[in-house]
Every structure is written in C-alpha cells, then in structure tokens.
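A short write-up of the structure that comes next.
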Amino acid sequence: MNISSLIAQAERDCGPVFAALEETEMKNTRRVLDAFRAEDIAARHFAPTTGYGYDDIGRDALERVFARLFGAESAIVRPSIACGTAALSLCLFGLLLPGDELLSITGTPYDTMETVIGLSGNAPGNLKEMGVSYAQVEMAENQTKIDVPGVLDAIKPHTKVILIQRSRGYAWRASLRPEEMREVIESVHNLRPDIFVMVDNCYGEFICENEPTHFGADVCVGSLIKNAGGGLAPTGAYLAGTKRAIERIEARLTAPGLGREVGSYAASYQPFYQGLFMAPHTVTQALKTAILAARTFELLGMKTTPAFDAPRADIIQAIEMGDPQKLIAFVQGIQAASPIDASAVPEPWDMPGYTDQVIMAAGTFVGGASIELSADAPMRAPFTVYLQGGLTYAHGKIALISALEEMA
C-alpha cells in the first residue's frame with residue numbers, strides 16, 4: 001500500500017470518530033460563548049497595563065471567564081507564569097508546607113516534575129529540600145484506571161496534596177477523562193476534607209464537555225500555549241479551583257497580602273481572549289490529526305495508544321516505533337513539514353529537566369507551543385514518539401505524509 005492509499009484508507013475509517021468530535025466542539029464553543037457573554041467581554045478588556053496593575057480589568061475579567069468555564073470559584077490566569085511546569089510548581093509550593101506529603105496517584109509524574117519534587121537531579125529549592133515528602137500509587141488494571149482503594153490506603157496523617165496527572169506524559173498508560181476522577185476525588189474528600197486534590201490538566205482542556213473541577217477537584221493547572229490558548233496565546237498559564245486553594249496559591253504568585261491584586265501586562269490581552277474563544281475548534285483539529293496518525297500506524301501493524309476509535313482524554317498520540325532510527329526519521333519528517341524552521345533537522349539532545357536525551361520537532365509560531373503540531377520523544381526503549389497538536393487538520397495530514405516519507 002502506498003502512502004496516499006494508506007492515508008485515504010485511514011481517513012475513511014476515522015469518519016464516524018471525526019463526526020463525534022465536531023459535536024463536542026459545538027458544545028464547548030457554546031460554553032465559551034456563554035462565559036464571554038456572562039462577563040460582558042468587550043474591547044476595553046484587551047487594553048494593556050503597566051506597573052502594579054491595580055484594577056486591571058482585562059486580567060480580572062479573563063480570570064472570571066476561566067473560573068466560569070471550569071465551574072470553579074476562582075482562577076489565576078497570568079502571562080507572567082512561564083510554562084506549565086512553573087504553574088504546577090507554583091501550585092505545589094502554595095499548597096504544601098514543610099512536613100506535608102505529596103501523594104501522586106497516577107504513578108511517577110512527568111519528567112520535569114521529578115525535578116520540582118526532588119525525585120531526580122539536585123536543583124536547589126525543590127520540595128524535598130523544603131521538607132515535603134513524596135509517595136505514589138500506581139494505576140490499576142493495566143494502567144487504565146485510578147486504584148481508589150490503594151489511594152485511600154496510602155493516605156497518611158501528613159498527606160496534604162494528591163496529584164492526578166491527567167495526560168500520559170512519557171508513559172505508556174491511559175490518559176484520564178474528568179469523569180474517571182470523580183470516584184477518587186469524592187472518596188478522598190469524604191475521608192479527609194482538608195486534602196487538596198490537584199489535577200495537572202495540561203493537554204486536556206476542551207477534549208470533553210467538562211473539566212476535573214466539575215467533578216470536585218480543588219485545583220486544575222495548565223499551560224496557555226497548549227489547549228486553552230487556542231494557538232494564539234503567546235505565553236502564560238492558568239490555575240482554576242476553589243477559593244481555599246487559590247488564596248493559598250496566589251500568596252506565592254506575588255506575596256502574602258498582595259495575591260491577585262497586582263500584576264500588569266504591557267501587551268494586549270486580545271490573544272488570550274481570542275485564543276480561548278478558538279480553543280474548542282483548535283483542540284478538535286489537533287484531535288483529528290492524532291486520530292488519523294493512530295489509524296495510519298495501526299494499519300501498518302504498529303502499537304499505538306489510544307486506539308483511533310478509543311475515547312480521548314488529551315491531545316497526545318503515542319506511537320511505539322521500536323527502533324531509534326524510525327523514531328528520529330518520524331520526528332524529522334514532522335519538522336520538515338513545519339511552517340517555521342522547516343530546514344532544521346532535529347537530533348537527540350540533553351534537554352534540561354529530562355533524564356534521557358530528547359528529540360523534538362517544534363516548528364511553531366509560538367516557541368514550544370504544544371497545541372501547534374509537534375512531536376517529541378525520550379531516547380529510551382521501546383522508542384515511543386508522542387505526537388500532539390495541529391492548528392489545522394490539513395497541516396496535520398500533510399505533516400504525517402512527510403513523516404511517513406522520511407521513514408520510508
């Protein structure tokens with residue numbers, strides 16, 4: 001089967017799945033519009049501010065919109081938060097005190113979080129150095145669901161924060177839909193109402209018709225250069241959750257007593273609002289790209305997760321290459337079809353925060369934006385590549401053809 005025929009067959013197989021995605025896109029777009037209308041968003045909210053940023057109406061309204069979308073009491077949405085890992089770190093340092101325990105209930109967190117926690121490397125200022133202990137519970141049933149009895153058994157008197165990583169990260173496990181978190185969140189809160197349940201929501205926004213906070217999570221955290229920024233937000237991150245959680249976190253965002261009252265942005269807020277408006281559509285384009293890739297490589301007899309017709313919880317598609325040269329060729333093919341830096345040739349390198357060398361294709365308009373088409377992988381067996389993003393399905397399809405040609 002040649003590449004054109006392979007892609008055509010995969011597209012035919014994906015037709016019913018694509019139709020279901022468009023129904024979810026419609027519902028999520030309506031949800032965003034309702035939030036914008038409820039907060040009466042207008043051009044005045046795009047205006048920049050400087051200095052302390054007192055009474056920054058653009059900042060404050062954007063945070064209220066996010067809170068509405070997440071069914072949350074409060075939110076922090078700031079361009080000044082450098083990335084998703086920085087937002088997760090901010091959350092942990094806001095909620096945890098010396099002597100407390102962080103309990104991860106989806107196994108080992110994403111590589112960069114290991115450094116924040118103090119599981120790897122010796123970066124100064126990590127949670128371990130601050131006197132916060134760490135424990136984890138592996139997922140059950142072949143890495144497909146949270147082990148609720150195991151979680152409840154693992155809770156100790158000094159457990160203060162439970163971490164759920166929604167996305168698979170660099171692990172061959174199922175990502176989690178928000179409704180799949182309900183049982184453990186309710187069980188934890190019934191046992192220990194003082195515990196904060198924190199969800200790393202990166203790559204997960206607008207995949208479903210709800211978010212983890214709709215099912216009782218105390219706080220959701222994500223990057224604005226992934227799903228929630230719609231490909232337009234140039235930087236930043238968000239945290240949405242209960243007033244109790246956000247009030248502790250905002251004290252670390254700026255300073256105790258200042259919280260969210262300060263923080264200016266000298267550029268326009270328009271990309272953040274417009275990106276959020278575009279997010280349901282952009283996420284659907286990324287999902288179509290991931291699903292086409294899954295079906296294409298399934299037809300080639302290769303292992304993928306999730307399967308092309310499986311329920312989705314994030315935009316990431318894992319494809320097991322089984323060979324380092326195939327992996328490198330795939331990533332280089334994606335880069336060659338990028339709108340930016342197409343002439344660059346990715347090679348494995350020692351990326352900060354990762355234990356293995358990483359290869360990454362990221363020819364994006366916003367540097368490192370994972371909602372734009374990218375592919376990356378740690379160089380370790382079984383040499384699994386992680387494909388995510390795609391501002392348009394047409395670009396995703398073209399890039400997939402390029403990757404197959406490079407592999408051939």
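In the structure tokens, the first chain shown is A, the next is B, and so on; residue numbers restart at 1 for each chain, and ligands run from 1 in the order shown.
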Show which residues sit within 12 Å of range 330-336 of chain A, as a count of residues only. Count only C-alpha atoms, and ignore same-chain residues fewer than 3 positions away.
-> 57
Could you produce a table of the residues of range 269-317 of chain A lying within 10 Å of range 6-19 of chain A, with the nearest pair of atoms per residue and their separation in Å rounded to one decimal, using only C-alpha atoms, ordered by chain and increasing residue number, as a Markdown table?
```
| residue | atom | partner | partner_atom | distance |
| --- | --- | --- | --- | --- |
| A:Thr284 | CA | A:Phe18 | CA | 8.7 |
| A:Gln285 | CA | A:Phe18 | CA | 9.6 |
| A:Leu287 | CA | A:Phe18 | CA | 8.7 |
| A:Lys288 | CA | A:Phe18 | CA | 6.5 |
| A:Ile291 | CA | A:Cys14 | CA | 7.2 |
| A:Leu292 | CA | A:Ala10 | CA | 6.3 |
| A:Ala293 | CA | A:Ala10 | CA | 8.3 |
| A:Ala294 | CA | A:Ala10 | CA | 8.8 |
| A:Arg295 | CA | A:Ala10 | CA | 5.5 |
| A:Thr296 | CA | A:Ala10 | CA | 5.4 |
| A:Phe297 | CA | A:Ala10 | CA | 9.0 |
| A:Glu298 | CA | A:Ala10 | CA | 9.0 |
| A:Leu299 | CA | A:Ala10 | CA | 7.6 |
| A:Leu300 | CA | A:Leu6 | CA | 8.6 |
| A:Phe308 | CA | A:Cys14 | CA | 7.4 |
| A:Asp309 | CA | A:Val17 | CA | 6.3 |
| A:Ala310 | CA | A:Val17 | CA | 9.0 |
| A:Pro311 | CA | A:Val17 | CA | 9.5 |
```
Considering only C-alpha atoms, return as a list in words whatever protein or nucleic-acid residues lie within 9 Å of Ile315 in chain A, sequence-local ones (same chain, fewer than 2 positions apart) excluded.
-> Ser167, Tyr203, Gly204, Ile207, Asn227, Val283, Thr284, Ala286, Leu287, Ala290, Arg312, Ala313, Gln317, Ile371, Leu387, Gln388 and Gly389 of chain A
Near-Arg44 in chain A list (10 Å; only C-alpha atoms; drop same-chain fewer than 3 positions) as a ChimeraX atom specification = /A:41,47-48,57-58,269-270
Got time to write the residues from that selection, N, CA and C atoms, as a PDB file, in the first residue's frame?
```pdb
ATOM      1  N   ILE A  41     -17.637  40.567  28.027  1.00  0.00           N
ATOM      2  CA  ILE A  41     -16.312  40.869  27.491  1.00  0.00           C
ATOM      3  C   ILE A  41     -16.434  41.834  26.314  1.00  0.00           C
ATOM      4  N   ALA A  47      -7.055  46.051  26.746  1.00  0.00           N
ATOM      5  CA  ALA A  47      -6.080  47.119  26.976  1.00  0.00           C
ATOM      6  C   ALA A  47      -4.928  46.660  27.871  1.00  0.00           C
ATOM      7  N   PRO A  48      -3.691  47.044  27.523  1.00  0.00           N
ATOM      8  CA  PRO A  48      -2.538  46.687  28.354  1.00  0.00           C
ATOM      9  C   PRO A  48      -2.481  47.535  29.619  1.00  0.00           C
ATOM     10  N   ILE A  57      -8.662  45.518  34.452  1.00  0.00           N
ATOM     11  CA  ILE A  57      -9.945  44.890  34.150  1.00  0.00           C
ATOM     12  C   ILE A  57      -9.803  43.726  33.163  1.00  0.00           C
ATOM     13  N   GLY A  58      -8.810  43.809  32.268  1.00  0.00           N
ATOM     14  CA  GLY A  58      -8.582  42.711  31.326  1.00  0.00           C
ATOM     15  C   GLY A  58      -8.133  41.452  32.030  1.00  0.00           C
ATOM     16  N   TYR A 269      -4.206  42.023  25.905  1.00  0.00           N
ATOM     17  CA  TYR A 269      -4.786  40.751  26.338  1.00  0.00           C
ATOM     18  C   TYR A 269      -5.575  40.068  25.222  1.00  0.00           C
ATOM     19  N   GLN A 270      -5.699  40.702  24.069  1.00  0.00           N
ATOM     20  CA  GLN A 270      -6.516  40.139  22.999  1.00  0.00           C
ATOM     21  C   GLN A 270      -6.141  38.702  22.633  1.00  0.00           C
TER      22      GLN A 270
END
```
Got a sec: who's within 7 Å of Thr85 in chain A, counting only C-alpha atoms, leaving out chain neighbours fewer than 2 positions off, as a list in words?
->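 That gives Cys83, Ala87, Leu88, Ser89, Thr112 and Met113 of chain A.
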Contact residues around Ser264 in chain A with only C-alpha atoms at 12 Å, ignoring same-chain residues under 4 positions, as a PyMOL selection string | chain A and resi 47-60+77-80+254+260+268-269
Write a file of the selected residues as a PDB file, in the first residue's frame, keeping N, CA and C atoms.
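Contents of the output file selection37.pdb:
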```pdb
ATOM      1  N   ALA A  47      -7.055  46.051  26.746  1.00  0.00           N
ATOM      2  CA  ALA A  47      -6.080  47.119  26.976  1.00  0.00           C
ATOM      3  C   ALA A  47      -4.928  46.660  27.871  1.00  0.00           C
ATOM      4  N   PRO A  48      -3.691  47.044  27.523  1.00  0.00           N
ATOM      5  CA  PRO A  48      -2.538  46.687  28.354  1.00  0.00           C
ATOM      6  C   PRO A  48      -2.481  47.535  29.619  1.00  0.00           C
ATOM      7  N   THR A  49      -1.688  47.070  30.571  1.00  0.00           N
ATOM      8  CA  THR A  49      -1.429  47.829  31.797  1.00  0.00           C
ATOM      9  C   THR A  49       0.061  47.759  32.113  1.00  0.00           C
ATOM     10  N   THR A  50       0.499  48.651  33.003  1.00  0.00           N
ATOM     11  CA  THR A  50       1.902  48.665  33.423  1.00  0.00           C
ATOM     12  C   THR A  50       1.966  48.799  34.942  1.00  0.00           C
ATOM     13  N   GLY A  51       3.168  48.723  35.443  1.00  0.00           N
ATOM     14  CA  GLY A  51       3.379  48.929  36.875  1.00  0.00           C
ATOM     15  C   GLY A  51       2.743  47.844  37.720  1.00  0.00           C
ATOM     16  N   TYR A  52       2.063  48.274  38.785  1.00  0.00           N
ATOM     17  CA  TYR A  52       1.474  47.311  39.701  1.00  0.00           C
ATOM     18  C   TYR A  52       0.274  46.578  39.100  1.00  0.00           C
ATOM     19  N   GLY A  53      -0.409  47.193  38.181  1.00  0.00           N
ATOM     20  CA  GLY A  53      -1.569  46.564  37.574  1.00  0.00           C
ATOM     21  C   GLY A  53      -2.814  46.584  38.438  1.00  0.00           C
ATOM     22  N   TYR A  54      -2.904  47.557  39.345  1.00  0.00           N
ATOM     23  CA  TYR A  54      -4.130  47.678  40.140  1.00  0.00           C
ATOM     24  C   TYR A  54      -5.323  47.896  39.219  1.00  0.00           C
ATOM     25  N   ASP A  55      -6.431  47.253  39.535  1.00  0.00           N
ATOM     26  CA  ASP A  55      -7.671  47.420  38.761  1.00  0.00           C
ATOM     27  C   ASP A  55      -7.473  47.117  37.272  1.00  0.00           C
ATOM     28  N   ASP A  56      -6.700  46.081  36.967  1.00  0.00           N
ATOM     29  CA  ASP A  56      -6.504  45.646  35.582  1.00  0.00           C
ATOM     30  C   ASP A  56      -7.750  44.867  35.167  1.00  0.00           C
ATOM     31  N   ILE A  57      -8.662  45.518  34.452  1.00  0.00           N
ATOM     32  CA  ILE A  57      -9.945  44.890  34.150  1.00  0.00           C
ATOM     33  C   ILE A  57      -9.803  43.726  33.163  1.00  0.00           C
ATOM     34  N   GLY A  58      -8.810  43.809  32.268  1.00  0.00           N
ATOM     35  CA  GLY A  58      -8.582  42.711  31.326  1.00  0.00           C
ATOM     36  C   GLY A  58      -8.133  41.452  32.030  1.00  0.00           C
ATOM     37  N   ARG A  59      -7.203  41.600  32.943  1.00  0.00           N
ATOM     38  CA  ARG A  59      -6.701  40.472  33.735  1.00  0.00           C
ATOM     39  C   ARG A  59      -7.810  39.869  34.590  1.00  0.00           C
ATOM     40  N   ASP A  60      -8.523  40.724  35.304  1.00  0.00           N
ATOM     41  CA  ASP A  60      -9.540  40.241  36.240  1.00  0.00           C
ATOM     42  C   ASP A  60     -10.704  39.562  35.520  1.00  0.00           C
ATOM     43  N   VAL A  77      -4.956  33.511  35.999  1.00  0.00           N
ATOM     44  CA  VAL A  77      -4.589  33.390  34.587  1.00  0.00           C
ATOM     45  C   VAL A  77      -3.575  34.490  34.306  1.00  0.00           C
ATOM     46  N   ARG A  78      -2.325  34.137  34.137  1.00  0.00           N
ATOM     47  CA  ARG A  78      -1.280  35.157  34.048  1.00  0.00           C
ATOM     48  C   ARG A  78      -0.258  34.877  32.939  1.00  0.00           C
ATOM     49  N   PRO A  79       0.033  35.887  32.116  1.00  0.00           N
ATOM     50  CA  PRO A  79       1.138  35.768  31.162  1.00  0.00           C
ATOM     51  C   PRO A  79       2.481  35.603  31.863  1.00  0.00           C
ATOM     52  N   SER A  80       2.584  36.058  33.101  1.00  0.00           N
ATOM     53  CA  SER A  80       3.869  36.026  33.809  1.00  0.00           C
ATOM     54  C   SER A  80       4.287  34.632  34.258  1.00  0.00           C
ATOM     55  N   THR A 254       2.502  36.221  43.996  1.00  0.00           N
ATOM     56  CA  THR A 254       3.112  37.536  44.219  1.00  0.00           C
ATOM     57  C   THR A 254       3.718  37.570  45.621  1.00  0.00           C
ATOM     58  N   ARG A 260      -3.707  38.290  44.041  1.00  0.00           N
ATOM     59  CA  ARG A 260      -4.032  38.561  42.638  1.00  0.00           C
ATOM     60  C   ARG A 260      -4.322  40.022  42.369  1.00  0.00           C
ATOM     61  N   SER A 268      -1.199  43.603  24.726  1.00  0.00           N
ATOM     62  CA  SER A 268      -2.654  43.448  24.714  1.00  0.00           C
ATOM     63  C   SER A 268      -3.080  42.068  25.221  1.00  0.00           C
ATOM     64  N   TYR A 269      -4.206  42.023  25.905  1.00  0.00           N
ATOM     65  CA  TYR A 269      -4.786  40.751  26.338  1.00  0.00           C
ATOM     66  C   TYR A 269      -5.575  40.068  25.222  1.00  0.00           C
TER      67      TYR A 269
END
```
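Of the listed residues A:Arg252, A:Lys27, A:Lys145, A:Lys128, the one whose atoms come nearest to Ser175 in chain A is A:Lys145, with distances taken using only C-alpha atoms.
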Residue list (alpha helix (DSSP H), DSSP) for range 314-374 of chain A, as a PyMOL selection string = chain A and resi 324-336
Nearest to Glu179 in chain A among A:Tyr134, A:Phe272, A:Phe215, A:Trp349, with distances taken over only C-alpha atoms: which residue is it?
-> A:Phe215
Record the distance separating CA of Leu33 in chain A and CA of Phe66 in chain A, expressed in Å with one decimal.
-> 11.9 Å
Taking into account only C-alpha atoms, which residue in the set A:Leu224, A:Ala20, A:Ile117, A:Ile76 is nearest to Ala240 in chain A?
->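 Ranking A:Leu224, A:Ala20, A:Ile117, A:Ile76 by distance to Ala240 in chain A, first place goes to A:Ile76.
Distances from A:Phe365, A:Tyr273, A:Phe46, A:Tyr110 to Asp200 in chain A were compared using only C-alpha atoms, and the smallest one belongs to A:Tyr110.
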Hey, can you check how far CA of Arg248 in chain A sits from CA of Leu96 in chain A?
-> 9.4 Å
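The residues of range 24-136 of chain A that DSSP assigns to strand (DSSP E or B) on this backbone come out as Ser74, Ala75, Ile76, Val77, Arg78, Glu101, Leu102, Leu103, Ser104, Ser133, Tyr134, Ala135 and Gln136 of chain A.
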Tell me which protein, DNA and RNA residues are within 8 Å of Val219 in chain A, counting only C-alpha atoms, leaving out same-chain ones fewer than 5 positions away, and put them as a count of residues only.
-> 11
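Atom to atom, CA of Met351 in chain A and CA of Thr282 in chain A stand 27.8 Å apart.
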